[in-house]
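Chemist: Handing over structure_31.pdb, PDB, C-alpha atoms, pLDDT in the B column.
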```pdb
ATOM      1  CA  MET A  14      46.894 116.886  58.404  1.00 55.00           C
ATOM      2  CA  PRO A  15      49.224 113.830  58.222  1.00 55.00           C
ATOM      3  CA  LYS A  16      51.964 116.050  56.789  1.00 59.00           C
ATOM      4  CA  LYS A  17      51.701 118.436  59.764  1.00 52.00           C
ATOM      5  CA  LEU A  18      51.765 115.498  62.164  1.00 42.00           C
ATOM      6  CA  LEU A  19      54.938 114.123  60.554  1.00 41.00           C
ATOM      7  CA  ILE A  20      56.609 117.515  60.740  1.00 50.00           C
ATOM      8  CA  LEU A  21      55.636 117.852  64.397  1.00 40.00           C
ATOM      9  CA  LEU A  22      56.984 114.380  65.181  1.00 41.00           C
ATOM     10  CA  PHE A  23      60.214 115.186  63.362  1.00 45.00           C
ATOM     11  CA  PHE A  24      60.827 118.248  65.522  1.00 47.00           C
ATOM     12  CA  LEU A  25      59.751 116.653  68.810  1.00 43.00           C
ATOM     13  CA  SER A  26      61.569 113.328  68.431  1.00 43.00           C
ATOM     14  CA  PRO A  27      64.960 114.619  69.650  1.00 44.00           C
ATOM     15  CA  PHE A  28      63.370 115.436  72.997  1.00 43.00           C
ATOM     16  CA  TYR A  29      62.307 111.833  73.489  1.00 42.00           C
ATOM     17  CA  MET A  30      65.406 110.093  72.203  1.00 43.00           C
ATOM     18  CA  ASN A  31      68.073 108.926  74.586  1.00 44.00           C
ATOM     19  CA  SER A  32      71.512 110.321  74.196  1.00 44.00           C
ATOM     20  CA  GLN A  33      73.870 108.167  72.176  1.00 58.00           C
ATOM     21  CA  ASN A  34      76.797 110.596  72.107  1.00 83.00           C
ATOM     22  CA  VAL A  35      78.349 109.651  75.441  1.00 91.00           C
ATOM     23  CA  ILE A  36      81.831 108.263  74.810  1.00 93.00           C
ATOM     24  CA  TRP A  37      83.337 105.993  77.431  1.00 97.00           C
ATOM     25  CA  LYS A  38      87.014 105.192  77.600  1.00 97.00           C
ATOM     26  CA  THR A  39      87.676 101.559  78.499  1.00 95.00           C
ATOM     27  CA  ASP A  40      91.418 101.843  79.090  1.00 95.00           C
ATOM     28  CA  ILE A  41      92.405 103.567  82.324  1.00 96.00           C
ATOM     29  CA  ASN A  42      95.725 104.666  80.815  1.00 94.00           C
ATOM     30  CA  ASP A  43      93.964 106.519  77.982  1.00 95.00           C
ATOM     31  CA  ALA A  44      91.632 108.073  80.542  1.00 97.00           C
ATOM     32  CA  VAL A  45      94.535 109.225  82.727  1.00 96.00           C
ATOM     33  CA  THR A  46      96.141 110.886  79.702  1.00 95.00           C
ATOM     34  CA  ALA A  47      92.874 112.650  78.782  1.00 96.00           C
ATOM     35  CA  SER A  48      92.299 113.693  82.399  1.00 97.00           C
ATOM     36  CA  THR A  49      95.761 115.216  82.614  1.00 94.00           C
ATOM     37  CA  GLU A  50      95.455 117.011  79.265  1.00 95.00           C
ATOM     38  CA  LYS A  51      91.955 118.369  79.871  1.00 96.00           C
ATOM     39  CA  ARG A  52      92.380 118.894  83.617  1.00 96.00           C
ATOM     40  CA  LYS A  53      89.155 117.073  84.405  1.00 97.00           C
ATOM     41  CA  PRO A  54      88.527 114.393  87.029  1.00 98.00           C
ATOM     42  CA  LEU A  55      87.624 110.838  86.118  1.00 98.00           C
ATOM     43  CA  LEU A  56      84.174 109.338  86.453  1.00 98.00           C
ATOM     44  CA  ILE A  57      84.985 105.625  86.630  1.00 98.00           C
ATOM     45  CA  PHE A  58      81.987 103.354  86.125  1.00 98.00           C
ATOM     46  CA  PHE A  59      82.631  99.880  87.526  1.00 97.00           C
ATOM     47  CA  THR A  60      80.206  97.365  86.054  1.00 96.00           C
ATOM     48  CA  SER A  61      79.819  93.722  85.131  1.00 95.00           C
ATOM     49  CA  GLN A  62      77.513  91.489  83.141  1.00 93.00           C
ATOM     50  CA  GLY A  63      74.234  90.715  84.817  1.00 91.00           C
ATOM     51  CA  VAL A  64      74.061  93.845  86.986  1.00 93.00           C
ATOM     52  CA  SER A  65      71.022  96.085  87.038  1.00 92.00           C
ATOM     53  CA  PRO A  66      70.970  98.361  83.980  1.00 94.00           C
ATOM     54  CA  GLN A  67      69.105 101.170  85.784  1.00 94.00           C
ATOM     55  CA  LEU A  68      72.150 103.421  86.219  1.00 94.00           C
ATOM     56  CA  GLN A  69      72.978 103.166  82.538  1.00 93.00           C
ATOM     57  CA  ASN A  70      69.385 103.404  81.310  1.00 93.00           C
ATOM     58  CA  GLU A  71      68.065 106.127  83.599  1.00 94.00           C
ATOM     59  CA  ILE A  72      71.154 108.277  84.115  1.00 96.00           C
ATOM     60  CA  PHE A  73      73.932 107.685  81.581  1.00 97.00           C
ATOM     61  CA  SER A  74      71.696 107.501  78.515  1.00 95.00           C
ATOM     62  CA  THR A  75      70.117 110.922  79.037  1.00 96.00           C
ATOM     63  CA  ARG A  76      70.910 114.163  77.277  1.00 96.00           C
ATOM     64  CA  ASP A  77      71.328 115.918  80.655  1.00 97.00           C
ATOM     65  CA  PHE A  78      74.073 113.470  81.636  1.00 97.00           C
ATOM     66  CA  GLU A  79      75.733 113.791  78.233  1.00 97.00           C
ATOM     67  CA  GLU A  80      75.920 117.579  78.510  1.00 97.00           C
ATOM     68  CA  TRP A  81      77.064 117.531  82.151  1.00 98.00           C
ATOM     69  CA  SER A  82      79.712 114.865  81.608  1.00 98.00           C
ATOM     70  CA  ARG A  83      81.163 116.564  78.526  1.00 97.00           C
ATOM     71  CA  LYS A  84      81.847 119.692  80.611  1.00 97.00           C
ATOM     72  CA  ASN A  85      82.929 118.114  83.885  1.00 98.00           C
ATOM     73  CA  VAL A  86      84.552 114.668  83.674  1.00 98.00           C
ATOM     74  CA  ILE A  87      86.401 112.069  81.639  1.00 98.00           C
ATOM     75  CA  LEU A  88      84.191 108.985  81.397  1.00 98.00           C
ATOM     76  CA  VAL A  89      85.730 105.575  82.062  1.00 98.00           C
ATOM     77  CA  LYS A  90      83.816 102.308  81.923  1.00 97.00           C
ATOM     78  CA  LEU A  91      85.537  99.299  83.455  1.00 97.00           C
ATOM     79  CA  ASP A  92      83.534  96.137  82.803  1.00 95.00           C
ATOM     80  CA  LEU A  93      84.981  93.574  85.181  1.00 94.00           C
ATOM     81  CA  SER A  94      83.435  90.677  83.267  1.00 93.00           C
ATOM     82  CA  ASP A  95      84.434  91.702  79.734  1.00 93.00           C
ATOM     83  CA  PRO A  96      85.808  88.559  78.030  1.00 93.00           C
ATOM     84  CA  SER A  97      87.580  90.598  75.334  1.00 93.00           C
ATOM     85  CA  ILE A  98      90.124  92.216  77.682  1.00 92.00           C
ATOM     86  CA  SER A  99      93.471  90.673  78.527  1.00 93.00           C
ATOM     87  CA  ASP A 100      94.192  89.088  81.892  1.00 93.00           C
ATOM     88  CA  ALA A 101      96.620  91.928  82.679  1.00 93.00           C
ATOM     89  CA  ILE A 102      93.950  94.597  82.061  1.00 93.00           C
ATOM     90  CA  ARG A 103      91.373  92.594  84.033  1.00 94.00           C
ATOM     91  CA  GLU A 104      93.824  92.373  86.947  1.00 95.00           C
ATOM     92  CA  GLN A 105      94.542  96.112  86.691  1.00 95.00           C
ATOM     93  CA  ASN A 106      90.795  96.886  86.752  1.00 96.00           C
ATOM     94  CA  LEU A 107      90.287  94.646  89.798  1.00 96.00           C
ATOM     95  CA  ARG A 108      93.179  96.382  91.594  1.00 96.00           C
ATOM     96  CA  LEU A 109      91.542  99.746  90.874  1.00 97.00           C
ATOM     97  CA  LYS A 110      88.198  98.437  92.144  1.00 97.00           C
ATOM     98  CA  ASN A 111      89.815  97.306  95.382  1.00 97.00           C
ATOM     99  CA  ALA A 112      91.944 100.454  95.758  1.00 96.00           C
ATOM    100  CA  PHE A 113      88.858 102.677  95.470  1.00 97.00           C
ATOM    101  CA  GLY A 114      86.904 100.537  97.945  1.00 96.00           C
ATOM    102  CA  ILE A 115      84.216  99.485  95.489  1.00 96.00           C
ATOM    103  CA  GLU A 116      82.041  96.892  97.206  1.00 93.00           C
ATOM    104  CA  GLU A 117      78.867  96.972  95.119  1.00 92.00           C
ATOM    105  CA  ILE A 118      78.579  96.874  91.358  1.00 95.00           C
ATOM    106  CA  PRO A 119      77.512  98.932  89.477  1.00 96.00           C
ATOM    107  CA  GLN A 120      79.235 101.813  91.204  1.00 97.00           C
ATOM    108  CA  VAL A 121      80.760 105.119  90.126  1.00 97.00           C
ATOM    109  CA  CYS A 122      83.984 106.490  91.561  1.00 98.00           C
ATOM    110  CA  PHE A 123      85.058 110.086  91.056  1.00 98.00           C
ATOM    111  CA  SER A 124      88.817 110.610  91.135  1.00 98.00           C
ATOM    112  CA  GLU A 125      91.397 113.255  90.377  1.00 97.00           C
ATOM    113  CA  VAL A 126      94.584 112.093  88.689  1.00 96.00           C
ATOM    114  CA  THR A 127      98.136 113.366  88.825  1.00 91.00           C
ATOM    115  CA  SER A 128     101.040 111.994  86.832  1.00 84.00           C
ATOM    116  CA  ARG A 129     104.632 112.809  87.680  1.00 86.00           C
ATOM    117  CA  LYS A 130     107.791 111.118  86.496  1.00 87.00           C
ATOM    118  CA  GLY A 131     105.827 108.213  85.054  1.00 83.00           C
ATOM    119  CA  LYS A 132     103.914 107.572  88.267  1.00 90.00           C
ATOM    120  CA  THR A 133     100.133 107.966  88.372  1.00 92.00           C
ATOM    121  CA  ASN A 134      98.370 108.913  91.589  1.00 94.00           C
ATOM    122  CA  PHE A 135      94.619 108.763  92.112  1.00 96.00           C
ATOM    123  CA  ASN A 136      92.796 110.930  94.630  1.00 96.00           C
ATOM    124  CA  LYS A 137      89.357 109.440  95.309  1.00 97.00           C
ATOM    125  CA  LEU A 138      86.748 112.186  95.600  1.00 97.00           C
ATOM    126  CA  GLY A 139      83.708 110.029  96.268  1.00 97.00           C
ATOM    127  CA  LEU A 140      81.475 107.133  95.281  1.00 97.00           C
ATOM    128  CA  MET A 141      77.940 107.003  93.902  1.00 95.00           C
ATOM    129  CA  GLY A 142      75.565 104.294  92.866  1.00 91.00           C
ATOM    130  CA  TYR A 143      72.141 104.302  91.334  1.00 91.00           C
ATOM    131  CA  LYS A 144      69.525 106.512  92.955  1.00 85.00           C
ATOM    132  CA  ALA A 145      65.909 106.444  91.842  1.00 87.00           C
ATOM    133  CA  SER A 146      65.564 110.212  92.254  1.00 90.00           C
ATOM    134  CA  GLY A 147      66.361 110.920  88.587  1.00 93.00           C
ATOM    135  CA  VAL A 148      69.172 112.292  86.477  1.00 96.00           C
ATOM    136  CA  LYS A 149      69.028 115.890  87.714  1.00 96.00           C
ATOM    137  CA  SER A 150      69.377 114.792  91.329  1.00 96.00           C
ATOM    138  CA  TRP A 151      72.191 112.383  90.396  1.00 97.00           C
ATOM    139  CA  ILE A 152      74.045 115.149  88.570  1.00 97.00           C
ATOM    140  CA  SER A 153      73.529 117.543  91.494  1.00 96.00           C
ATOM    141  CA  GLU A 154      75.000 115.037  93.965  1.00 96.00           C
ATOM    142  CA  SER A 155      77.878 114.284  91.589  1.00 97.00           C
ATOM    143  CA  SER A 156      78.638 117.982  91.245  1.00 96.00           C
ATOM    144  CA  LEU A 157      78.818 118.292  95.033  1.00 96.00           C
ATOM    145  CA  ILE A 158      81.369 115.458  95.104  1.00 96.00           C
ATOM    146  CA  LEU A 159      83.448 117.182  92.424  1.00 96.00           C
ATOM    147  CA  ASN A 160      83.083 120.671  93.904  1.00 92.00           C
ATOM    148  CA  PRO A 161      82.372 120.480  97.628  1.00 86.00           C
ATOM    149  CA  GLU A 162      81.093 123.713  99.077  1.00 74.00           C
TER     150      GLU A 162
END
```
How does the structure come out when it is put into structure tokens?

Modeler:
Amino acid sequence: MPKKLLILLFFLSPFYMNSQNVIWKTDINDAVTASTEKRKPLLIFFTSQGVSPQLQNEIFSTRDFEEWSRKNVILVKLDLSDPSISDAIREQNLRLKNAFGIEEIPQVCFSEVTSRKGKTNFNKLGLMGYKASGVKSWISESSLILNPE
């Protein structure tokens, strides 16, 4: 009996584990390059220390989000309080925050990117924050921002 229980737990455990395969870019320049190459919009996650972890814990750490994001967006995480980034990068991230009209943190901004002759242009598609309605609803609303009907 214990052997059968262990085997059952082994096969069921992936369904209960949070996704750890989501890869976030932390440099907007790398993200712009990936967005251009893969022809995918950016999902820019503006965050800071001390903010509510609900968006990360209930949305970003799920397998549904991992699968959706891999197909639809380039993930960018800009931590505005990260002490390991240079002052120039911090200033660049704050300029992006202000340019996209981010007033509350954490917040997600969806943006298309075009690069021509060394100049990068961002086209803001929409903003989203945390919603307690669950990951499937969050993904559905995000998809409507990316592909309005």

Chemist: Using the chain letters and residue numbers of this document, give as a list in words the residues selected by the PyMOL selection byres ((chain A and resi 155-162) around 7).

Modeler: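 For this structure, the PyMOL selection byres ((chain A and resi 155-162) around 7) resolves to Leu138, Gly139, Trp151, Ile152, Ser153 and Glu154 of chain A.
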
Chemist: Check what the PyMOL selection byres ((chain A and resi 33-49) around 9) selects in the file above and give those residues as a count of residues only.

Modeler: 34

Chemist: Neighbouring residues of A:Asp95 were defined as those with any atom within 10 Å, considering all atoms listed in the file; residues of the same chain fewer than 6 positions away were excluded. Please report them as a ChimeraX atom specification.

Modeler: /A:60-62,103

Chemist: Select, from A:Ala101, A:Leu56, A:Ile72, A:Val64, the residue with the minimum atom-to-atom distance to A:Glu117, counting all atoms listed in the file.

Modeler: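 For A:Glu117, the nearest of the given residues is A:Val64.
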
Chemist: Between atom CA of A:Met141 and atom CA of A:Pro119, what distance in Å does the model show, to one decimal?

Modeler: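 These two atoms are separated by 9.2 Å.
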
Chemist: What does the distance between atom CA of A:Pro96 and atom CA of A:Gly142 come to in Å, to one decimal place?

Modeler: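 Between atom CA of A:Pro96 and atom CA of A:Gly142 the gap works out to 23.9 Å.
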
Chemist: I need stretch 16-125 of chain A from the structure I supplied, saved as a tab-separated table (two decimals), in the first residue's frame with C-alpha atoms retained.

Modeler:
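And here is the file that came out, selection_15.tsv:
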```tsv
chain	number	residue	atom	x	y	z
A	16	LYS	CA	4.43	1.84	-2.46
A	17	LYS	CA	1.21	2.57	-4.39
A	18	LEU	CA	0.72	5.78	-2.43
A	19	LEU	CA	4.26	6.94	-3.26
A	20	ILE	CA	3.75	6.17	-6.93
A	21	LEU	CA	0.45	8.07	-6.92
A	22	LEU	CA	2.07	11.07	-5.22
A	23	PHE	CA	4.91	11.00	-7.73
A	24	PHE	CA	2.52	11.25	-10.66
A	25	LEU	CA	0.20	13.83	-9.08
A	26	SER	CA	2.85	16.17	-7.68
A	27	PRO	CA	3.45	18.06	-10.95
A	28	PHE	CA	-0.18	19.19	-10.88
A	29	TYR	CA	0.30	20.84	-7.50
A	30	MET	CA	3.71	22.38	-8.04
A	31	ASN	CA	4.03	25.98	-9.09
A	32	SER	CA	5.76	26.71	-12.32
A	33	GLN	CA	9.42	27.58	-12.00
A	34	ASN	CA	10.20	27.76	-15.71
A	35	VAL	CA	9.12	31.35	-16.31
A	36	ILE	CA	12.15	33.36	-17.43
A	37	TRP	CA	12.07	37.10	-16.92
A	38	LYS	CA	14.41	39.47	-18.68
A	39	THR	CA	15.61	42.29	-16.43
A	40	ASP	CA	17.25	44.43	-19.10
A	41	ILE	CA	14.85	46.30	-21.36
A	42	ASN	CA	17.41	46.35	-24.18
A	43	ASP	CA	17.65	42.54	-24.19
A	44	ALA	CA	13.86	42.37	-24.12
A	45	VAL	CA	13.54	44.76	-27.08
A	46	THR	CA	15.96	42.60	-29.07
A	47	ALA	CA	14.01	39.42	-28.23
A	48	SER	CA	10.69	41.13	-29.01
A	49	THR	CA	11.95	42.23	-32.41
A	50	GLU	CA	13.42	38.82	-33.26
A	51	LYS	CA	10.42	36.80	-32.10
A	52	ARG	CA	7.80	39.36	-33.14
A	53	LYS	CA	6.09	39.23	-29.76
A	54	PRO	CA	4.94	42.12	-27.58
A	55	LEU	CA	6.48	42.85	-24.20
A	56	LEU	CA	4.83	42.12	-20.88
A	57	ILE	CA	6.66	44.55	-18.59
A	58	PHE	CA	6.18	43.85	-14.89
A	59	PHE	CA	6.95	46.93	-12.80
A	60	THR	CA	7.58	45.97	-9.19
A	61	SER	CA	9.47	46.99	-6.07
A	62	GLN	CA	10.43	45.59	-2.70
A	63	GLY	CA	7.64	45.52	-0.17
A	64	VAL	CA	4.75	45.35	-2.66
A	65	SER	CA	2.05	42.72	-2.42
A	66	PRO	CA	3.28	39.39	-3.82
A	67	GLN	CA	-0.20	38.28	-4.94
A	68	LEU	CA	0.36	38.96	-8.65
A	69	GLN	CA	3.55	36.93	-8.62
A	70	ASN	CA	2.24	34.15	-6.38
A	71	GLU	CA	-1.24	33.70	-7.83
A	72	ILE	CA	-0.67	34.51	-11.50
A	73	PHE	CA	2.98	34.43	-12.58
A	74	SER	CA	3.93	31.26	-10.71
A	75	THR	CA	1.27	29.09	-12.36
A	76	ARG	CA	1.69	26.60	-15.16
A	77	ASP	CA	-1.16	28.28	-17.09
A	78	PHE	CA	0.72	31.59	-17.08
A	79	GLU	CA	3.97	29.88	-18.06
A	80	GLU	CA	2.37	28.23	-21.09
A	81	TRP	CA	0.47	31.37	-22.14
A	82	SER	CA	3.46	33.68	-21.76
A	83	ARG	CA	5.81	31.38	-23.68
A	84	LYS	CA	3.48	31.58	-26.70
A	85	ASN	CA	2.42	35.22	-26.52
A	86	VAL	CA	4.89	37.64	-24.91
A	87	ILE	CA	8.45	38.47	-23.92
A	88	LEU	CA	8.56	38.78	-20.13
A	89	VAL	CA	10.35	41.75	-18.59
A	90	LYS	CA	10.64	42.37	-14.86
A	91	LEU	CA	11.76	45.84	-13.82
A	92	ASP	CA	12.32	45.99	-10.07
A	93	LEU	CA	12.50	49.69	-9.27
A	94	SER	CA	14.11	49.06	-5.89
A	95	ASP	CA	16.78	46.56	-6.97
A	96	PRO	CA	20.05	47.67	-5.29
A	97	SER	CA	22.17	45.63	-7.72
A	98	ILE	CA	21.34	47.72	-10.81
A	99	SER	CA	23.31	50.77	-11.86
A	100	ASP	CA	21.98	54.29	-11.44
A	101	ALA	CA	21.70	54.61	-15.24
A	102	ILE	CA	19.52	51.47	-15.50
A	103	ARG	CA	17.42	52.59	-12.51
A	104	GLU	CA	16.87	55.96	-14.20
A	105	GLN	CA	15.97	54.23	-17.48
A	106	ASN	CA	13.44	52.00	-15.68
A	107	LEU	CA	11.88	55.02	-13.94
A	108	ARG	CA	11.60	56.84	-17.29
A	109	LEU	CA	9.81	53.80	-18.73
A	110	LYS	CA	7.49	53.68	-15.72
A	111	ASN	CA	6.59	57.33	-16.21
A	112	ALA	CA	6.30	57.05	-20.01
A	113	PHE	CA	3.83	54.17	-19.69
A	114	GLY	CA	1.79	56.01	-17.05
A	115	ILE	CA	2.39	53.49	-14.29
A	116	GLU	CA	0.94	54.93	-11.09
A	117	GLU	CA	0.54	51.84	-8.91
A	118	ILE	CA	3.08	49.11	-8.28
A	119	PRO	CA	2.97	46.22	-8.98
A	120	GLN	CA	1.59	46.81	-12.45
A	121	VAL	CA	1.93	45.13	-15.84
A	122	CYS	CA	2.24	47.05	-19.09
A	123	PHE	CA	1.78	45.40	-22.47
A	124	SER	CA	3.71	47.07	-25.28
A	125	GLU	CA	4.69	46.48	-28.88
```
